[in-house]
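Visitor: Pasting a structure here, questions to come.
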Amino acid sequence: MIPQEVWATVKVQLQMQMDRGSYETWVKRTEFIAYDADTATFVLGAPNSYICEMLQTRLYPKFRRMLSDTAGNAVLARFEIVREAEVTPPSDDMPLLRYAASTETTLDAPSMEELVRTPRHSGLPDSELNARYTFERFIVSPHNEMVYQAAQAIAESPGTMYNPFFMYGGVGLGKTHLLQAIGHACLQRGKKVLYVSSEVFVSEFITAIRNRTNAMFQQRYRTVDVLLIDDVQFFMGKESSQDEFFHTYNALTQWNKQIVLVSDRHPRDLNNIDERLRSRFQGGLTTDIQAPELETRRSIVTMWMHERGVEFDTDVVTMVTQPVRSVRELEGAFRHLLARATLQGKLSVAEAQTTLNRYDQPRDRITAERIIEMTAQKSAVPAADILGKKRSEIISTTRQIAMFLCRELTDLSLSQIGNAFGRSHTTILHACNKVTADIAASPAFRARVDKIRKALKG
Ligand code: ADP
Ligand code: MG
């Protein structure tokens, strides 16, 4: 990608991540000026000194990370003023600007990222809901009608119908979206909502023990009306956190408070999770989320085009929706098209094809083959041995890490991963559970997996 294209892509990503007011205030008018190859620095132009300073101090780490991710190598960013205009007076449609302007000190002010992620109408600042994950923006496919309706019913009268409500399914299929949609709807009903991933629960719990703030921790989790826990599978292998969660769970359900859980697999497959929790997870309504079929993928893309006021050629829409992809992948492909169109002011069918080809190229996408190769390389084991029958400790472990990373980084199902390794899907599941437990138990092992993951993500 040329530097202009990198910036255009990052800008589209920011547009999708930030709420509209913040995006328009901070990012929209920021332009690409130059790329200094000697120092690997993007020079970006902001419209006035105020925005320039805000970008430099608050948004810098985010910009740098996103530019580096997109460029495929570590880069820096520098901001310059392109048009010195008056500092825009705070106005109502710029909520963050007003907030920032009224905050005198820059040092103690919340980071830009915190500002962006704090939901506006939440009475509970710690509950980070993405403003875009609402019911209105969730396109229902025929397969997902039942889970969608159940989610809506729960949001309408939390704690009275299915408790818990457990949703599971593959990567990028809208689980987090639906979970947070429940959160938004409950907040609007004046309920006290807390959304966290199980990883956050675990880390807050550990911190609470270390700082002897258990009482605060319990207060935080046990006084809500609706508790939304994302990615429950990260509880696997973490016994004391599970124990604490078990008590949280009982305390809440005893008072008919709603619990909604999301996982990448059915509760019965959550190995290394205490049986008493697993059985509770299955005590309400358990339902899966399926990948959207072609018609739904088209509707989703149509919604995205509407939201951004763009309209791609029907052939382009077909081109991007035809391949079977998860919604997250579809989003990635769509962003690339949007970036290209923004850059050129229009998008021809041929350009769309080139852009998508590039997006779909193995270099950009993480495949089972790449994972196997990289894991082998980083572990100094021949890739052939990973696929072979050898069972020495080092080879088995490396093989299991590769399986685990396939599960984490690709959209492949357990049986598809099984096929890639010439093994059954239960073997893959076993490997994933083992690696998850080992990561929890050993920082060195965790570092080893992190290193491979990082290498894969480039
Ligand atoms: P998961 O948690 O299952 O991995 P997410 O909820 O993060 O997936 O969804 C990935 C992206 O796809 C999000 O941007 C989400 O808004 C979008 N998305 C997923 N499913 C749908 C859908 N049915 N309609 C609209 N957007 C969707
Ligand atoms: Mg998710």
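In the structure tokens, the first chain shown is A, the next is B, and so on; residue numbers restart at 1 for each chain, and ligands run from 1 in the order shown.
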Near Ile273 (chain A), counting only C-alpha atoms, which residues have an atom at most 8 Å away, once you skip same-chain residues fewer than 6 positions from it, shown as a PyMOL selection string?
Guide: chain A and resi 235-239+242
Visitor: Export C-alpha atoms of the chosen residues as a CSV table (one decimal), in the first residue's frame?
Guide:
```
chain,number,residue,atom,x,y,z
A,235,PHE,CA,-12.6,-18.4,32.2
A,236,MET,CA,-11.2,-21.8,31.2
A,237,GLY,CA,-8.4,-22.9,33.6
A,238,LYS,CA,-8.8,-19.9,35.9
A,239,GLU,CA,-10.1,-21.6,39.0
A,242,GLN,CA,-14.5,-19.1,38.3
```
Visitor: Hey, what does DSSP flag as strand (DSSP E or B) within region 170-211 of chain A? Can you give it to me as an NGL selection string?
Guide: :A and (193-197)
Visitor: If the limit is 9 Å from any atom of ligand 2, counting only C-alpha atoms and all ligand atoms, which residues qualify? Return them as a list in words.
Guide: Val171, Gly172, Leu173, Gly174, Lys175, Thr176, His177, Leu179, Ser197, Asp230, Asp231, Val262, Ser263 and Asp264 of chain A
Visitor: Find the residue from A:Ala402, A:Met66, A:Ile259, A:Ala131 that sits nearest to ligand 1; use only C-alpha atoms and all ligand atoms when measuring.
Guide: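 Using only C-alpha atoms and all ligand atoms, the shortest distance to ligand 1 belongs to A:Ala131.
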Visitor: Please, what distance in Å, to one decimal, runs between CA of Pro142 (chain A) and CA of Ser326 (chain A)?
Guide: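 Distance reported for this atom pair: 15.7 Å.
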Visitor: Hey, which residues come within 9 Å of ligand 1 if we count only C-alpha atoms and all ligand atoms? Could you give them as an MDAnalysis selection string?
Guide: chainID A and resid 16:17 132:141 144 168:180 230:231 262:264 289 291:292 296:297 299:301 303:304 326:331
Visitor: Contacts of region 33-36 of chain A at 8 Å or less, counting only C-alpha atoms, minus same-chain residues fewer than 6 places along, as JSON, numbers by chain?
Guide: {"A": [3, 42, 43, 44, 45]}
Visitor: Convert the current residue selection to file output with N, CA, C and O atoms, as a PDB file, in the first residue's frame.
Guide:
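Dumped everything to out.pdb:
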```pdb
ATOM      1  N   PRO A   3       1.584   5.171   1.076  1.00  0.00           N
ATOM      2  CA  PRO A   3       1.239   5.835   2.348  1.00  0.00           C
ATOM      3  C   PRO A   3      -0.138   6.513   2.344  1.00  0.00           C
ATOM      4  O   PRO A   3      -0.860   6.410   3.337  1.00  0.00           O
ATOM      5  N   PHE A  42       4.669   9.292   9.321  1.00  0.00           N
ATOM      6  CA  PHE A  42       3.551   9.896   8.602  1.00  0.00           C
ATOM      7  C   PHE A  42       3.409  11.332   9.092  1.00  0.00           C
ATOM      8  O   PHE A  42       3.301  11.565  10.298  1.00  0.00           O
ATOM      9  N   VAL A  43       3.386  12.278   8.184  1.00  0.00           N
ATOM     10  CA  VAL A  43       3.124  13.658   8.572  1.00  0.00           C
ATOM     11  C   VAL A  43       1.669  13.943   8.228  1.00  0.00           C
ATOM     12  O   VAL A  43       1.249  13.817   7.080  1.00  0.00           O
ATOM     13  N   LEU A  44       0.901  14.266   9.251  1.00  0.00           N
ATOM     14  CA  LEU A  44      -0.526  14.473   9.049  1.00  0.00           C
ATOM     15  C   LEU A  44      -0.894  15.908   9.393  1.00  0.00           C
ATOM     16  O   LEU A  44      -0.324  16.493  10.320  1.00  0.00           O
ATOM     17  N   GLY A  45      -1.831  16.444   8.658  1.00  0.00           N
ATOM     18  CA  GLY A  45      -2.186  17.845   8.844  1.00  0.00           C
ATOM     19  C   GLY A  45      -3.521  18.011   9.537  1.00  0.00           C
ATOM     20  O   GLY A  45      -4.529  17.453   9.123  1.00  0.00           O
TER      21      GLY A  45
END
```
Visitor: What does the distance between CA of Val82 (chain A) and CA of Arg20 (chain A) come to in Å, to one decimal place?
Guide: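 Answer for the CA of Val82 (chain A) to CA of Arg20 (chain A) separation: 22.6 Å.
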Visitor: Could you produce a table of the residues of region 250-314 of chain A lying within 9 Å of region 425-441 of chain A, with the nearest pair of atoms per residue and their separation in Å rounded to one decimal, using only C-alpha atoms, ordered by chain and increasing residue number, as CSV?
Guide:
```
residue,atom,partner,partner_atom,distance
A:Asp269,CA,A:Leu429,CA,8.1
A:Leu270,CA,A:Asn433,CA,8.0
A:Asn271,CA,A:Asn433,CA,6.4
A:Asn272,CA,A:Asn433,CA,7.2
```
Visitor: Export, as a CSV table (one decimal), in the first residue's frame, the selected residues with N, CA and C atoms.
Guide:
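What ended up in result17.csv:
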```
chain,number,residue,atom,x,y,z
A,269,ASP,N,-18.9,-27.8,26.0
A,269,ASP,CA,-17.5,-27.9,25.5
A,269,ASP,C,-16.6,-27.0,26.2
A,270,LEU,N,-17.0,-26.3,27.2
A,270,LEU,CA,-16.1,-25.4,28.0
A,270,LEU,C,-15.3,-26.3,29.0
A,271,ASN,N,-14.4,-27.0,28.5
A,271,ASN,CA,-13.6,-27.8,29.4
A,271,ASN,C,-12.8,-26.9,30.3
A,272,ASN,N,-12.3,-27.5,31.4
A,272,ASN,CA,-11.6,-26.7,32.4
A,272,ASN,C,-12.5,-25.5,33.0
```
